[in-house]
Amino acid sequence: MLPVTADDHLPGPVAVLANPTAGRGRHRTLLPRLLDGLAAAGRPIRLLPASSPAEAEAACRTAVAEGAGALVAVGGDGTVHRALQAVAGTAVPFGPIPAGTGNDFALDTGFPADPLAAAAVIAEAVRDGRSQPVDLARMVGVDGTERWYGAVLAAGFDAIVNERANRMRWPRGPRRYDLAILVELARLRPRRYTLRLDGVPYDLDAVLVAVGNCPTYGGGMRICPDADPTDGLLDVVVAGRVNRRTLVRVKPRIYQGTHVSHPLVRSFRARTVELAAEGITSYADGERSLRLPVTISAVPGALRLLR
(Lines give C-alpha, C1' and ligand atoms only; values in the text may rest on other atoms or scores of the structure.)
Protein backbone atom coordinates (compact mmCIF):
# COMPACT_ATOMS: atom_id res chain seq x y z
CA MET A 1 0.00 0.00 0.00
CA LEU A 2 1.09 3.61 -0.61
CA PRO A 3 2.18 5.69 2.37
CA VAL A 4 -0.17 8.34 3.74
CA THR A 5 1.23 11.86 3.96
CA ALA A 6 0.01 15.12 5.43
CA ASP A 7 1.45 18.56 6.09
CA ASP A 8 0.85 18.46 9.83
CA HIS A 9 -0.19 14.90 10.55
CA LEU A 10 1.20 14.63 14.10
CA PRO A 11 0.17 17.66 16.18
CA GLY A 12 0.80 16.13 19.61
CA PRO A 13 3.95 14.83 21.31
CA VAL A 14 5.54 11.50 20.49
CA ALA A 15 4.69 9.22 23.41
CA VAL A 16 7.34 6.56 24.09
CA LEU A 17 6.73 3.35 26.01
CA ALA A 18 10.06 1.77 27.00
CA ASN A 19 10.50 -1.59 28.68
CA PRO A 20 13.88 -1.53 30.49
CA THR A 21 13.76 -5.29 31.10
CA ALA A 22 13.17 -6.21 27.43
CA GLY A 23 15.83 -8.41 25.93
CA ARG A 24 17.03 -9.14 29.49
CA GLY A 25 18.04 -5.50 29.74
CA ARG A 26 20.73 -5.58 27.08
CA HIS A 27 19.49 -2.37 25.42
CA ARG A 28 18.78 -0.46 28.64
CA THR A 29 21.73 1.91 28.19
CA LEU A 30 20.58 2.73 24.65
CA LEU A 31 17.41 4.50 25.76
CA PRO A 32 18.88 8.06 25.97
CA ARG A 33 20.32 7.68 22.47
CA LEU A 34 17.02 6.31 21.17
CA LEU A 35 15.13 9.26 22.65
CA ASP A 36 17.64 11.65 21.08
CA GLY A 37 17.14 9.92 17.75
CA LEU A 38 13.37 10.27 17.99
CA ALA A 39 13.71 13.93 18.99
CA ALA A 40 15.38 14.56 15.63
CA ALA A 41 11.85 14.52 14.21
CA GLY A 42 11.30 17.92 15.79
CA ARG A 43 8.42 16.84 18.01
CA PRO A 44 8.26 16.85 21.82
CA ILE A 45 9.07 13.44 23.34
CA ARG A 46 7.05 12.14 26.27
CA LEU A 47 8.39 9.07 28.07
CA LEU A 48 5.51 7.12 29.58
CA PRO A 49 5.86 5.89 33.18
CA ALA A 50 5.05 2.20 33.69
CA SER A 51 6.29 -0.44 36.13
CA SER A 52 4.12 -3.37 34.99
CA PRO A 53 2.45 -4.60 31.79
CA ALA A 54 -0.94 -3.40 33.01
CA GLU A 55 0.45 0.04 33.80
CA ALA A 56 2.17 0.15 30.41
CA GLU A 57 -1.09 -0.54 28.61
CA ALA A 58 -2.96 2.00 30.72
CA ALA A 59 -0.29 4.64 30.10
CA CYS A 60 -0.54 4.10 26.35
CA ARG A 61 -4.32 4.41 26.41
CA THR A 62 -4.07 7.62 28.45
CA ALA A 63 -1.47 9.09 26.10
CA VAL A 64 -3.64 8.39 23.06
CA ALA A 65 -6.73 9.80 24.78
CA GLU A 66 -4.80 12.96 25.71
CA GLY A 67 -3.81 13.64 22.12
CA ALA A 68 -0.45 11.99 21.48
CA GLY A 69 0.63 12.56 17.90
CA ALA A 70 2.35 9.18 17.73
CA LEU A 71 3.17 6.23 19.95
CA VAL A 72 6.53 4.43 19.95
CA ALA A 73 7.24 1.16 21.78
CA VAL A 74 10.83 0.34 22.77
CA GLY A 75 11.00 -3.36 23.62
CA GLY A 76 9.93 -6.72 22.29
CA ASP A 77 6.65 -8.19 21.13
CA GLY A 78 5.16 -7.98 24.63
CA THR A 79 5.77 -4.23 24.78
CA VAL A 80 4.38 -3.83 21.26
CA HIS A 81 1.31 -5.86 22.24
CA ARG A 82 0.51 -3.51 25.12
CA ALA A 83 0.90 -0.45 22.90
CA LEU A 84 -1.29 -1.92 20.16
CA GLN A 85 -4.27 -2.02 22.51
CA ALA A 86 -4.17 1.79 22.59
CA VAL A 87 -3.57 2.63 18.92
CA ALA A 88 -5.44 -0.14 17.08
CA GLY A 89 -8.25 1.29 15.01
CA THR A 90 -7.25 4.90 15.73
CA ALA A 91 -5.59 7.61 13.66
CA VAL A 92 -2.53 7.66 15.94
CA PRO A 93 0.49 6.19 14.09
CA PHE A 94 2.82 3.71 15.74
CA GLY A 95 6.47 2.78 15.60
CA PRO A 96 8.09 -0.32 17.16
CA ILE A 97 11.78 -0.16 18.12
CA PRO A 98 12.98 -3.79 18.40
CA ALA A 99 14.77 -4.18 21.74
CA GLY A 100 13.41 -7.46 23.11
CA THR A 101 14.18 -11.15 22.94
CA GLY A 102 11.38 -11.52 20.39
CA ASN A 103 10.88 -8.70 17.89
CA ASP A 104 8.71 -10.51 15.40
CA PHE A 105 6.15 -7.82 14.65
CA ALA A 106 8.73 -5.08 14.10
CA LEU A 107 10.87 -7.21 11.80
CA ASP A 108 7.94 -8.72 9.91
CA THR A 109 6.63 -5.24 9.13
CA GLY A 110 9.95 -4.03 7.73
CA PHE A 111 11.72 -2.21 10.56
CA PRO A 112 15.51 -2.57 10.94
CA ALA A 113 16.71 -5.03 13.58
CA ASP A 114 19.09 -2.42 14.99
CA PRO A 115 17.21 -0.24 17.52
CA LEU A 116 19.03 2.98 16.58
CA ALA A 117 18.32 2.41 12.89
CA ALA A 118 14.65 1.72 13.66
CA ALA A 119 14.48 4.96 15.68
CA ALA A 120 15.91 6.85 12.70
CA VAL A 121 13.26 5.36 10.38
CA ILE A 122 10.50 6.32 12.80
CA ALA A 123 11.88 9.86 13.31
CA GLU A 124 12.00 10.43 9.57
CA ALA A 125 8.41 9.24 9.18
CA VAL A 126 7.26 11.52 12.01
CA ARG A 127 9.12 14.48 10.52
CA ASP A 128 7.59 13.85 7.08
CA GLY A 129 4.10 13.09 8.42
CA ARG A 130 4.23 9.69 6.73
CA SER A 131 2.60 6.42 7.75
CA GLN A 132 1.70 3.11 6.10
CA PRO A 133 -1.41 1.07 6.91
CA VAL A 134 -1.09 -2.56 7.98
CA ASP A 135 -3.59 -5.11 9.24
CA LEU A 136 -4.11 -6.23 12.80
CA ALA A 137 -6.01 -9.19 14.22
CA ARG A 138 -8.91 -8.46 16.56
CA MET A 139 -9.99 -11.21 18.93
CA VAL A 140 -13.20 -11.32 20.94
CA GLY A 141 -13.92 -13.69 23.82
CA VAL A 142 -17.25 -15.19 24.79
CA ASP A 143 -17.77 -12.44 27.37
CA GLY A 144 -17.19 -9.74 24.78
CA THR A 145 -13.61 -8.93 25.86
CA GLU A 146 -11.69 -7.52 22.91
CA ARG A 147 -7.94 -7.73 22.33
CA TRP A 148 -5.73 -6.90 19.37
CA TYR A 149 -2.54 -8.55 18.22
CA GLY A 150 -0.04 -7.93 15.48
CA ALA A 151 1.96 -11.13 15.00
CA VAL A 152 0.62 -14.60 15.90
CA LEU A 153 -1.94 -16.15 18.24
CA ALA A 154 -0.78 -19.48 19.71
CA ALA A 155 -3.54 -21.80 20.87
CA GLY A 156 -1.90 -25.23 21.09
CA PHE A 157 1.25 -26.81 22.51
CA ASP A 158 3.16 -23.51 22.64
CA ALA A 159 0.35 -21.79 24.53
CA ILE A 160 0.15 -24.71 26.97
CA VAL A 161 3.92 -24.50 27.56
CA ASN A 162 3.68 -20.75 28.20
CA GLU A 163 0.84 -21.28 30.63
CA ARG A 164 2.81 -23.87 32.60
CA ALA A 165 5.97 -21.74 32.61
CA ASN A 166 4.02 -18.79 33.97
CA ARG A 167 2.73 -20.92 36.85
CA MET A 168 6.19 -22.19 37.80
CA ARG A 169 8.25 -20.44 40.49
CA TRP A 170 11.41 -22.44 39.84
CA PRO A 171 13.77 -22.31 38.05
CA ARG A 172 14.07 -18.64 37.14
CA GLY A 173 14.96 -17.31 33.71
CA PRO A 174 14.82 -19.19 30.41
CA ARG A 175 15.43 -22.56 32.10
CA ARG A 176 11.89 -22.38 33.46
CA TYR A 177 10.53 -22.36 29.91
CA ASP A 178 12.83 -25.26 28.94
CA LEU A 179 11.53 -27.30 31.87
CA ALA A 180 7.95 -26.47 30.96
CA ILE A 181 8.58 -27.82 27.45
CA LEU A 182 9.87 -31.10 28.86
CA VAL A 183 6.87 -31.45 31.19
CA GLU A 184 4.34 -30.74 28.47
CA LEU A 185 6.09 -32.98 25.95
CA ALA A 186 5.64 -35.83 28.41
CA ARG A 187 1.94 -34.98 28.62
CA LEU A 188 1.47 -34.33 24.90
CA ARG A 189 -1.85 -35.41 23.44
CA PRO A 190 -4.01 -34.17 20.59
CA ARG A 191 -6.96 -32.05 21.61
CA ARG A 192 -10.25 -31.64 19.82
CA TYR A 193 -10.60 -28.22 18.15
CA THR A 194 -13.57 -26.71 16.41
CA LEU A 195 -12.71 -24.19 13.72
CA ARG A 196 -15.05 -22.04 11.67
CA LEU A 197 -13.21 -20.32 8.83
CA ASP A 198 -15.42 -17.66 7.24
CA GLY A 199 -18.34 -19.74 8.45
CA VAL A 200 -17.10 -23.12 7.18
CA PRO A 201 -16.79 -25.62 10.08
CA TYR A 202 -13.84 -27.96 10.69
CA ASP A 203 -13.60 -30.42 13.59
CA LEU A 204 -10.10 -31.78 14.05
CA ASP A 205 -7.62 -33.20 16.53
CA ALA A 206 -4.41 -31.21 16.86
CA VAL A 207 -1.45 -30.49 19.10
CA LEU A 208 -0.63 -27.07 17.66
CA VAL A 209 -2.82 -24.30 16.29
CA ALA A 210 -1.54 -20.85 15.28
CA VAL A 211 -3.40 -17.93 13.74
CA GLY A 212 -1.05 -15.47 12.11
CA ASN A 213 -1.39 -11.91 10.94
CA CYS A 214 2.40 -11.97 10.45
CA PRO A 215 4.63 -14.98 9.69
CA THR A 216 6.75 -15.30 12.84
CA TYR A 217 6.59 -15.73 16.59
CA GLY A 218 8.94 -16.78 19.38
CA GLY A 219 11.89 -14.79 18.04
CA GLY A 220 11.93 -15.73 14.36
CA MET A 221 10.00 -19.01 14.13
CA ARG A 222 8.09 -18.87 10.83
CA ILE A 223 5.02 -20.66 12.12
CA CYS A 224 2.71 -19.06 9.50
CA PRO A 225 5.27 -18.58 6.73
CA ASP A 226 2.88 -17.18 4.12
CA ALA A 227 1.08 -14.70 6.38
CA ASP A 228 1.04 -11.15 5.04
CA PRO A 229 -0.07 -8.25 7.28
CA THR A 230 -1.36 -6.30 4.27
CA ASP A 231 -3.63 -8.89 2.60
CA GLY A 232 -6.69 -8.64 4.84
CA LEU A 233 -6.46 -12.34 5.74
CA LEU A 234 -5.38 -14.53 8.64
CA ASP A 235 -3.24 -17.63 8.11
CA VAL A 236 -4.12 -20.66 10.22
CA VAL A 237 -1.58 -23.46 10.66
CA VAL A 238 -2.62 -26.70 12.36
CA ALA A 239 -0.40 -29.63 13.35
CA GLY A 240 -2.68 -32.64 13.72
CA ARG A 241 -2.20 -35.93 15.56
CA VAL A 242 1.53 -35.49 16.00
CA ASN A 243 3.40 -37.62 18.55
CA ARG A 244 6.29 -36.46 20.71
CA ARG A 245 9.01 -37.76 18.43
CA THR A 246 7.51 -36.16 15.34
CA LEU A 247 6.94 -32.83 17.11
CA VAL A 248 10.56 -32.69 18.30
CA ARG A 249 11.77 -33.56 14.80
CA VAL A 250 9.50 -31.10 12.97
CA LYS A 251 9.71 -28.12 15.31
CA PRO A 252 13.20 -26.94 14.16
CA ARG A 253 11.79 -26.67 10.63
CA ILE A 254 9.52 -23.87 11.84
CA TYR A 255 12.46 -21.45 11.69
CA GLN A 256 12.55 -21.88 7.91
CA GLY A 257 8.79 -22.31 7.55
CA THR A 258 9.21 -25.72 5.92
CA HIS A 259 7.09 -27.51 8.54
CA VAL A 260 3.98 -26.72 6.50
CA SER A 261 5.00 -29.37 3.96
CA HIS A 262 4.70 -32.14 6.58
CA PRO A 263 1.69 -34.39 5.85
CA LEU A 264 0.26 -33.85 9.35
CA VAL A 265 0.33 -30.05 9.03
CA ARG A 266 -2.53 -28.19 7.38
CA SER A 267 -2.77 -24.53 6.39
CA PHE A 268 -5.85 -22.40 5.89
CA ARG A 269 -6.60 -18.75 5.14
CA ALA A 270 -9.66 -16.77 6.22
CA ARG A 271 -10.92 -13.33 7.15
CA THR A 272 -12.64 -14.59 10.29
CA VAL A 273 -11.57 -17.52 12.46
CA GLU A 274 -13.74 -18.96 15.22
CA LEU A 275 -11.59 -21.20 17.43
CA ALA A 276 -12.77 -23.42 20.27
CA ALA A 277 -11.18 -26.09 22.48
CA GLU A 278 -11.45 -27.15 26.10
CA GLY A 279 -8.89 -25.93 28.62
CA ILE A 280 -6.77 -23.68 26.36
CA THR A 281 -5.69 -20.13 27.17
CA SER A 282 -4.36 -18.41 24.06
CA TYR A 283 -1.14 -16.38 23.83
CA ALA A 284 -1.05 -13.44 21.44
CA ASP A 285 2.29 -11.81 20.57
CA GLY A 286 3.71 -14.02 23.32
CA GLU A 287 1.39 -12.49 25.93
CA ARG A 288 -1.25 -14.35 27.91
CA SER A 289 -4.55 -13.52 26.28
CA LEU A 290 -8.11 -14.89 26.09
CA ARG A 291 -9.36 -18.32 26.98
CA LEU A 292 -10.92 -20.25 24.11
CA PRO A 293 -13.40 -20.02 22.47
CA VAL A 294 -12.50 -16.82 20.62
CA THR A 295 -13.41 -15.17 17.36
CA ILE A 296 -10.50 -13.60 15.47
CA SER A 297 -10.94 -11.18 12.58
CA ALA A 298 -8.43 -9.62 10.23
CA VAL A 299 -8.94 -5.86 10.27
CA PRO A 300 -7.37 -4.26 7.19
CA GLY A 301 -5.47 -1.04 7.83
CA ALA A 302 -6.17 -1.11 11.57
CA LEU A 303 -2.70 0.25 12.32
CA ARG A 304 -0.67 3.03 10.75
CA LEU A 305 3.05 2.33 10.94
CA LEU A 306 5.69 5.07 11.03
CA ARG A 307 7.73 3.91 8.06
# chains A, B, ... in the order shown; residues from 1 in each chain; ligands from 1
call {"tool": "residues_around", "arguments": {"residues": "region 141-149 of chain A", "least_positions_apart": "2", "cutoff": "10 Å", "atoms": "only C-alpha atoms", "output": "ChimeraX atom specification"}}
result
/A:77,80-89,105,135-139,151-153,212-214,283-287,289-299,302
call {"tool": "select_by_dssp", "arguments": {"residues": "region 40-95 of chain A", "states": "helix (DSSP H, G or I)", "output": "number ranges by chain"}}
result
A: 53-65, 77-87
call {"tool": "select_by_dssp", "arguments": {"residues": "region 79-210 of chain A", "states": "strand (DSSP E or B)", "output": "PyMOL selection string"}}
result
chain A and resi 94-98+130-141+146-149+152-154+191-197+200-206+208-210
call {"tool": "closest_atom_pairs", "arguments": {"of": "region 106-184 of chain A", "to": "region 195-210 of chain A", "cutoff": "12 Å", "atoms": "only C-alpha atoms", "output": "Markdown table"}}
result
| residue | atom | partner | partner_atom | distance |
| --- | --- | --- | --- | --- |
| A:Ala151 | CA | A:Ala210 | CA | 10.3 |
| A:Val152 | CA | A:Ala210 | CA | 6.6 |
| A:Leu153 | CA | A:Ala210 | CA | 5.6 |
| A:Ala154 | CA | A:Ala210 | CA | 4.7 |
| A:Ala155 | CA | A:Val209 | CA | 5.3 |
| A:Gly156 | CA | A:Leu208 | CA | 4.1 |
| A:Phe157 | CA | A:Leu208 | CA | 5.2 |
| A:Asp158 | CA | A:Leu208 | CA | 7.2 |
| A:Ala159 | CA | A:Leu208 | CA | 8.7 |
| A:Ile160 | CA | A:Leu208 | CA | 9.6 |
| A:Val161 | CA | A:Leu208 | CA | 11.2 |
| A:Glu184 | CA | A:Val207 | CA | 11.0 |
call {"tool": "residues_around", "arguments": {"residues": "Gly220 (chain A)", "least_positions_apart": "2", "cutoff": "7 Å", "atoms": "only C-alpha atoms", "output": "PyMOL selection string"}}
result
chain A and resi 104+216-218+222+255
call {"tool": "closest_residue", "arguments": {"among": "A:Val248, A:Ala117, A:Leu233, A:Leu34", "to": "Ile181 (chain A)", "atoms": "only C-alpha atoms"}}
result
A:Val248
call {"tool": "residues_around", "arguments": {"residues": "Ala123 (chain A)", "least_positions_apart": "3", "cutoff": "8 Å", "atoms": "only C-alpha atoms", "output": "list in words"}}
result
Gly37, Leu38, Ala39, Ala40, Ala41, Ala119, Ala120, Val126 and Arg127 of chain A
call {"tool": "write_last_selection", "arguments": {"atoms": "N, CA and C atoms", "output": "tab-separated table (two decimals), in the first residue's frame"}}
result
chain	number	residue	atom	x	y	z
A	37	GLY	N	17.42	10.20	19.15
A	37	GLY	CA	17.14	9.92	17.75
A	37	GLY	C	15.71	10.26	17.38
A	38	LEU	N	14.77	9.94	18.27
A	38	LEU	CA	13.37	10.27	17.99
A	38	LEU	C	13.14	11.78	18.02
A	39	ALA	N	13.87	12.48	18.89
A	39	ALA	CA	13.71	13.93	18.99
A	39	ALA	C	14.15	14.64	17.72
A	40	ALA	N	14.95	13.96	16.90
A	40	ALA	CA	15.38	14.56	15.63
A	40	ALA	C	14.21	14.84	14.71
A	41	ALA	N	13.04	14.26	15.01
A	41	ALA	CA	11.85	14.52	14.21
A	41	ALA	C	11.30	15.92	14.45
A	119	ALA	N	14.85	3.63	15.17
A	119	ALA	CA	14.48	4.96	15.68
A	119	ALA	C	14.64	6.01	14.60
A	120	ALA	N	15.69	5.89	13.78
A	120	ALA	CA	15.91	6.85	12.70
A	120	ALA	C	14.80	6.77	11.66
A	126	VAL	N	7.94	10.49	11.22
A	126	VAL	CA	7.26	11.52	12.01
A	126	VAL	C	7.52	12.90	11.41
A	127	ARG	N	8.76	13.17	11.08
A	127	ARG	CA	9.12	14.48	10.52
A	127	ARG	C	8.38	14.75	9.21
call {"tool": "residues_around", "arguments": {"residues": "Pro215 (chain A)", "least_positions_apart": "4", "cutoff": "8 Å", "atoms": "only C-alpha atoms", "output": "list in words"}}
result
Asp108, Ala151, Val152, Arg222, Ile223, Cys224, Pro225, Asp226, Ala227 and Asp228 of chain A
call {"tool": "atom_distance", "arguments": {"atom1": "CA of Ala186 (chain A)", "atom2": "CA of Arg244 (chain A)"}}
result
7.8 Å
call {"tool": "atom_distance", "arguments": {"atom1": "CA of Glu163 (chain A)", "atom2": "CA of Cys60 (chain A)"}}
result
25.8 Å
call {"tool": "closest_residue", "arguments": {"among": "A:Ala68, A:Leu247, A:Met221, A:Ala118", "to": "Leu35 (chain A)", "atoms": "only C-alpha atoms"}}
result
A:Ala118
call {"tool": "residues_around", "arguments": {"residues": "Ala70 (chain A)", "least_positions_apart": "6", "cutoff": "6 Å", "atoms": "only C-alpha atoms", "output": "PyMOL selection string"}}
result
chain A and resi 14+92-94
call {"tool": "write_last_selection", "arguments": {"atoms": "N, CA and C atoms", "output": "mmCIF file, in the first residue's frame"}}
result
data_model
loop_
_atom_site.group_PDB
_atom_site.id
_atom_site.type_symbol
_atom_site.label_atom_id
_atom_site.label_comp_id
_atom_site.auth_asym_id
_atom_site.auth_seq_id
_atom_site.Cartn_x
_atom_site.Cartn_y
_atom_site.Cartn_z
ATOM 1 N N VAL A 14 5.281 12.912 20.741
ATOM 2 C CA VAL A 14 5.539 11.500 20.488
ATOM 3 C C VAL A 14 5.652 10.811 21.847
ATOM 4 N N VAL A 92 -3.849 7.391 15.353
ATOM 5 C CA VAL A 92 -2.526 7.658 15.939
ATOM 6 C C VAL A 92 -1.523 6.657 15.375
ATOM 7 N N PRO A 93 -0.492 7.113 14.677
ATOM 8 C CA PRO A 93 0.485 6.186 14.095
ATOM 9 C C PRO A 93 1.430 5.625 15.141
ATOM 10 N N PHE A 94 2.066 4.516 14.776
ATOM 11 C CA PHE A 94 2.824 3.712 15.741
ATOM 12 C C PHE A 94 4.157 3.288 15.153
#
call {"tool": "residues_around", "arguments": {"residues": "Arg266 (chain A)", "least_positions_apart": "6", "cutoff": "7 Å", "atoms": "only C-alpha atoms", "output": "list in words"}}
result
Val237, Val238, Ala239 and Val260 of chain A
call {"tool": "write_last_selection", "arguments": {"atoms": "N, CA and C atoms", "output": "PDB file, in the first residue's frame"}}
result
ATOM      1  N   VAL A 237      -2.415 -22.274  10.825  1.00  0.00           N
ATOM      2  CA  VAL A 237      -1.582 -23.462  10.661  1.00  0.00           C
ATOM      3  C   VAL A 237      -1.901 -24.429  11.791  1.00  0.00           C
ATOM      4  N   VAL A 238      -2.192 -25.673  11.413  1.00  0.00           N
ATOM      5  CA  VAL A 238      -2.618 -26.697  12.362  1.00  0.00           C
ATOM      6  C   VAL A 238      -1.728 -27.923  12.218  1.00  0.00           C
ATOM      7  N   ALA A 239      -1.117 -28.348  13.314  1.00  0.00           N
ATOM      8  CA  ALA A 239      -0.400 -29.629  13.349  1.00  0.00           C
ATOM      9  C   ALA A 239      -1.319 -30.643  14.008  1.00  0.00           C
ATOM     10  N   VAL A 260       5.318 -26.653   7.094  1.00  0.00           N
ATOM     11  CA  VAL A 260       3.982 -26.720   6.499  1.00  0.00           C
ATOM     12  C   VAL A 260       3.891 -27.776   5.399  1.00  0.00           C
TER      13      VAL A 260
END
call {"tool": "atom_distance", "arguments": {"atom1": "CA of Arg164 (chain A)", "atom2": "CA of Arg176 (chain A)"}}
result
9.2 Å
call {"tool": "closest_residue", "arguments": {"among": "A:His259, A:Arg249, A:Arg192, A:Arg271", "to": "Leu234 (chain A)", "atoms": "only C-alpha atoms"}}
result
A:Arg271
call {"tool": "closest_residue", "arguments": {"among": "A:Pro13, A:Ser51, A:Ala106, A:Met168", "to": "Ala63 (chain A)", "atoms": "only C-alpha atoms"}}
result
A:Pro13
